Amino acid sequence: MKIHQLIKKLSKMDGEESHVPMVGSNHQPSGESSKLPQYLYTLAVTIGVFCGGAVIGWSSPALPELQSPNSTLPLTPDQGSWVGSLLAIGSFIGALPAGSVADLLGRKLTIMSLSVPLLISWSMIHFATSVNILYLARLLGGIGLGAICTTVPMYVSEIAEDSIRGALGSAFQLMLGSGLVYAYALGAVVHYTMLPLLCGVINILFLTVFFRAPESPMWLLKKDQRKRAEESLQRLRGEKYNIYRELHAMEKEIANQNTQKVPFLKAINKRSSILAMVICLGMMFFQQMSGINIVIFFAGNIFKDAGSSMDSAVAAILVGLAGVIATLVAASLIDRLGRKILLQISATAMALCLVVLGYYFHLKTSGSDVSSIGTVPLVSVIVYILMFGIAFGPIPWMISGEVLPPEIKATGTSIAVATNWFIAFTVTKSFQPLLDAVGPAVTYWIFACLNVLSFFFVTFVVIETKGKSLAQVQEELSGKRTKVGKTNGVV
């Protein structure tokens, strides 16, 4: 059975309304919409994110093999560093135009087309005969990854109901982490020339599954394709649910946007736009400055430096699994507890973990006997990853789709994602020089202080978006008080 037929059948079982009114009917829905199609289509689109996670994870198991003397393509440590870092540069490049392309071509077509650079990248890695080919392959993979990070959250935020938007948004980080674990686990058991083939084949699965997904109804309405928007929204909410109240609310919002349509540089002067961009850029900044990429990329080295006998491949898999588990927990909590409280808990816990990790290395480098507390680095890193995964992992990716006003969403999201990858590159490349200059203890304490700053940023700048419609979020950003609606965020 094809996936769209399965979704259609299941949504019939899950829906509660027995009649879909004619367009313009005043009939109000008495039951809830079917959530299942939204979950399944989010799963389908985030398989593309899984592919992106595999792109990130490839370097961890592959580079040690490539840098060994027995490699058919031996790399120096400096070359290996650039193979890893060019991914972030490519992601910065790919993120910048992605939002505008998605506005022009549509969310679905843009997302599907991103499999092309990923497939080319994996093919080049498999057949690479020189380091320059590897450089180009990683740059291409990064371009696809950066664009995925921009467009998938946009799509998910536009197909999701307000009541489950947080849970669906957290699927991005869940699948990104799952892709990482997939690459880590395969890399531990297969040769590095086989790894790109096994990673690349997931792109074929993604294209097959996502092909029959609906386009974003919001984008279709913006393009004056109302009939297709109706069909799309009906597929997303279930055949037995009255979609028209929600559809009319979307049309009203778009009409309001069109009357106020101004160039990006002029639109950004509004209070709501400025605050939204500050929130988005601040969340991306603190996500990377939390030290997450340092912990992920150097987990094996952290355990080794701490005297652990754990294999680096096993350490990487454990770190990846901790992130996946944490994101599953986040998906169940994010629409219940809210974004802010989870972010505050996450920032506090990560700061404490890094303080403990720094203190351990302080004792070790000062000559103290740390054999009795040798499990401290492992526990600190695992708890750190769990705490990152419940909030600072998923929320920065989804918050752009929640707080940015529609007139600047495409450009604003691109800028935010590009900023994220630029900071990721900067932090990753500067970590080793910082470590050499001040030592591991002070390095981890610096990142702990940055997590403390992120706590205050969340507390005093970030607004709570739980249960609020996108229109209500904009009212709050504009300084107006808003009341949370009960049905799809419509009041």
# chains A, B, ... in the order shown; residues from 1 in each chain; ligands from 1
>>> closest_atom_pairs(of="segment 46-141 of chain A", to="segment 406-424 of chain A", cutoff="12 Å", atoms="only C-alpha atoms", output="CSV")
residue,atom,partner,partner_atom,distance
A:Ile56,CA,A:Trp421,CA,11.9
A:Gly84,CA,A:Ala424,CA,11.2
A:Ser85,CA,A:Ala424,CA,8.9
A:Leu86,CA,A:Trp421,CA,10.5
A:Leu87,CA,A:Trp421,CA,8.9
A:Ala88,CA,A:Trp421,CA,5.4
A:Ile89,CA,A:Phe422,CA,6.9
A:Gly90,CA,A:Trp421,CA,8.7
A:Ser91,CA,A:Trp421,CA,6.1
A:Phe92,CA,A:Ala418,CA,4.4
A:Ile93,CA,A:Ala418,CA,7.1
A:Gly94,CA,A:Ala418,CA,7.9
A:Ala95,CA,A:Ser414,CA,5.1
A:Leu96,CA,A:Ser414,CA,4.8
A:Pro97,CA,A:Ser414,CA,6.7
A:Ala98,CA,A:Ser414,CA,6.4
A:Gly99,CA,A:Ala410,CA,4.1
A:Ser100,CA,A:Ala410,CA,5.7
A:Val101,CA,A:Ala410,CA,8.6
A:Ala102,CA,A:Ala410,CA,7.6
A:Asp103,CA,A:Ala410,CA,6.8
A:Leu104,CA,A:Ala410,CA,10.1
A:Gly106,CA,A:Ala410,CA,11.3
A:Arg107,CA,A:Ala410,CA,10.5
>>> write_last_selection(atoms="all heavy atoms", output="compact mmCIF listing (two decimals), in the first residue's frame")
# COMPACT_ATOMS: atom_id res chain seq x y z
N ILE A 56 26.45 15.00 8.56
CA ILE A 56 27.24 15.50 9.68
C ILE A 56 28.03 14.37 10.33
O ILE A 56 29.21 14.50 10.66
CB ILE A 56 26.32 16.15 10.74
CG1 ILE A 56 25.56 17.34 10.14
CG2 ILE A 56 27.13 16.62 11.95
CD1 ILE A 56 24.50 17.91 11.05
N GLY A 84 36.19 18.27 7.59
CA GLY A 84 35.09 18.46 8.53
C GLY A 84 34.53 19.87 8.50
O GLY A 84 33.31 20.07 8.51
N SER A 85 35.39 20.85 8.41
CA SER A 85 34.96 22.25 8.52
C SER A 85 34.26 22.77 7.27
O SER A 85 33.40 23.66 7.36
CB SER A 85 36.17 23.15 8.81
OG SER A 85 36.79 22.77 10.01
N LEU A 86 34.60 22.23 6.10
CA LEU A 86 33.96 22.70 4.87
C LEU A 86 32.47 22.40 4.84
O LEU A 86 31.71 23.06 4.13
CB LEU A 86 34.65 22.06 3.65
CG LEU A 86 35.95 22.72 3.22
CD1 LEU A 86 36.70 21.87 2.21
CD2 LEU A 86 35.69 24.11 2.65
N LEU A 87 32.05 21.44 5.63
CA LEU A 87 30.62 21.16 5.74
C LEU A 87 29.88 22.38 6.29
O LEU A 87 28.81 22.75 5.79
CB LEU A 87 30.38 19.95 6.64
CG LEU A 87 28.92 19.53 6.81
CD1 LEU A 87 28.41 18.90 5.53
CD2 LEU A 87 28.76 18.55 7.97
N ALA A 88 30.45 22.99 7.33
CA ALA A 88 29.82 24.17 7.92
C ALA A 88 29.83 25.35 6.95
O ALA A 88 28.85 26.12 6.88
CB ALA A 88 30.54 24.55 9.22
N ILE A 89 30.92 25.51 6.18
CA ILE A 89 30.97 26.59 5.20
C ILE A 89 29.91 26.38 4.12
O ILE A 89 29.20 27.31 3.73
CB ILE A 89 32.38 26.66 4.57
CG1 ILE A 89 33.42 27.04 5.64
CG2 ILE A 89 32.42 27.68 3.43
CD1 ILE A 89 34.84 27.02 5.15
N GLY A 90 29.79 25.15 3.64
CA GLY A 90 28.77 24.84 2.65
C GLY A 90 27.37 25.08 3.19
O GLY A 90 26.49 25.59 2.49
N SER A 91 27.15 24.73 4.45
CA SER A 91 25.83 24.94 5.07
C SER A 91 25.50 26.42 5.16
O SER A 91 24.35 26.84 4.97
CB SER A 91 25.80 24.31 6.46
OG SER A 91 25.98 22.91 6.38
N PHE A 92 26.50 27.24 5.46
CA PHE A 92 26.31 28.69 5.49
C PHE A 92 25.89 29.19 4.11
O PHE A 92 24.94 29.97 3.98
CB PHE A 92 27.62 29.35 5.93
CG PHE A 92 27.62 30.86 5.82
CD1 PHE A 92 27.05 31.62 6.82
CD2 PHE A 92 28.19 31.50 4.73
CE1 PHE A 92 27.04 33.02 6.73
CE2 PHE A 92 28.19 32.87 4.63
CZ PHE A 92 27.61 33.63 5.63
N ILE A 93 26.56 28.70 3.07
CA ILE A 93 26.24 29.11 1.69
C ILE A 93 24.85 28.63 1.30
O ILE A 93 24.06 29.38 0.70
CB ILE A 93 27.30 28.56 0.71
CG1 ILE A 93 28.67 29.18 1.00
CG2 ILE A 93 26.89 28.83 -0.74
CD1 ILE A 93 29.81 28.51 0.24
N GLY A 94 24.52 27.39 1.64
CA GLY A 94 23.24 26.81 1.24
C GLY A 94 22.05 27.44 1.93
O GLY A 94 20.96 27.52 1.37
N ALA A 95 22.25 27.89 3.17
CA ALA A 95 21.14 28.44 3.93
C ALA A 95 20.67 29.79 3.40
O ALA A 95 19.47 30.10 3.41
CB ALA A 95 21.54 28.58 5.41
N LEU A 96 21.59 30.61 2.92
CA LEU A 96 21.26 32.00 2.56
C LEU A 96 20.17 32.13 1.50
O LEU A 96 19.22 32.90 1.68
CB LEU A 96 22.53 32.74 2.13
CG LEU A 96 23.49 33.09 3.27
CD1 LEU A 96 24.79 33.67 2.73
CD2 LEU A 96 22.84 34.07 4.25
N PRO A 97 20.25 31.40 0.36
CA PRO A 97 19.19 31.56 -0.65
C PRO A 97 18.01 30.63 -0.46
O PRO A 97 17.02 30.74 -1.19
CB PRO A 97 19.93 31.23 -1.95
CG PRO A 97 20.93 30.20 -1.54
CD PRO A 97 21.34 30.54 -0.13
N ALA A 98 18.09 29.68 0.47
CA ALA A 98 17.08 28.60 0.54
C ALA A 98 15.68 29.13 0.81
O ALA A 98 14.70 28.67 0.20
CB ALA A 98 17.48 27.59 1.61
N GLY A 99 15.55 30.10 1.72
CA GLY A 99 14.23 30.62 2.02
C GLY A 99 13.58 31.29 0.83
O GLY A 99 12.39 31.09 0.55
N SER A 100 14.35 32.08 0.08
CA SER A 100 13.81 32.77 -1.09
C SER A 100 13.43 31.77 -2.18
O SER A 100 12.41 31.94 -2.87
CB SER A 100 14.84 33.77 -1.63
OG SER A 100 15.12 34.76 -0.67
N VAL A 101 14.25 30.73 -2.35
CA VAL A 101 13.93 29.70 -3.34
C VAL A 101 12.64 28.97 -2.95
O VAL A 101 11.79 28.69 -3.81
CB VAL A 101 15.10 28.69 -3.48
CG1 VAL A 101 14.70 27.53 -4.38
CG2 VAL A 101 16.33 29.39 -4.04
N ALA A 102 12.48 28.68 -1.66
CA ALA A 102 11.26 28.02 -1.18
C ALA A 102 10.03 28.90 -1.37
O ALA A 102 8.93 28.40 -1.62
CB ALA A 102 11.42 27.65 0.29
N ASP A 103 10.20 30.21 -1.27
CA ASP A 103 9.09 31.13 -1.54
C ASP A 103 8.73 31.14 -3.02
O ASP A 103 7.56 31.29 -3.39
CB ASP A 103 9.47 32.55 -1.10
CG ASP A 103 9.02 32.85 0.32
OD1 ASP A 103 8.36 32.00 0.93
OD2 ASP A 103 9.33 33.96 0.81
N LEU A 104 9.73 30.97 -3.87
CA LEU A 104 9.51 31.02 -5.32
C LEU A 104 8.96 29.70 -5.86
O LEU A 104 7.95 29.69 -6.58
CB LEU A 104 10.83 31.36 -6.02
CG LEU A 104 10.79 31.43 -7.55
CD1 LEU A 104 9.90 32.60 -8.00
CD2 LEU A 104 12.20 31.58 -8.11
N GLY A 106 8.13 26.85 -3.99
CA GLY A 106 7.29 26.06 -3.08
C GLY A 106 8.16 25.28 -2.12
O GLY A 106 9.30 24.94 -2.41
N ARG A 107 7.58 25.01 -0.93
CA ARG A 107 8.35 24.27 0.09
C ARG A 107 8.68 22.86 -0.38
O ARG A 107 9.82 22.41 -0.27
CB ARG A 107 7.57 24.18 1.39
CG ARG A 107 6.98 25.44 2.01
CD ARG A 107 7.74 26.70 1.87
NE ARG A 107 7.17 27.75 2.71
CZ ARG A 107 7.28 29.03 2.46
NH1 ARG A 107 7.91 29.43 1.36
NH2 ARG A 107 6.79 29.94 3.28
>>> select_by_dssp(residues="segment 115-245 of chain A", states="helix (DSSP H, G or I)", output="PyMOL selection string")
chain A and resi 115-127+131-159+162-169+171-187+195-210+217-222+226-237+244-245
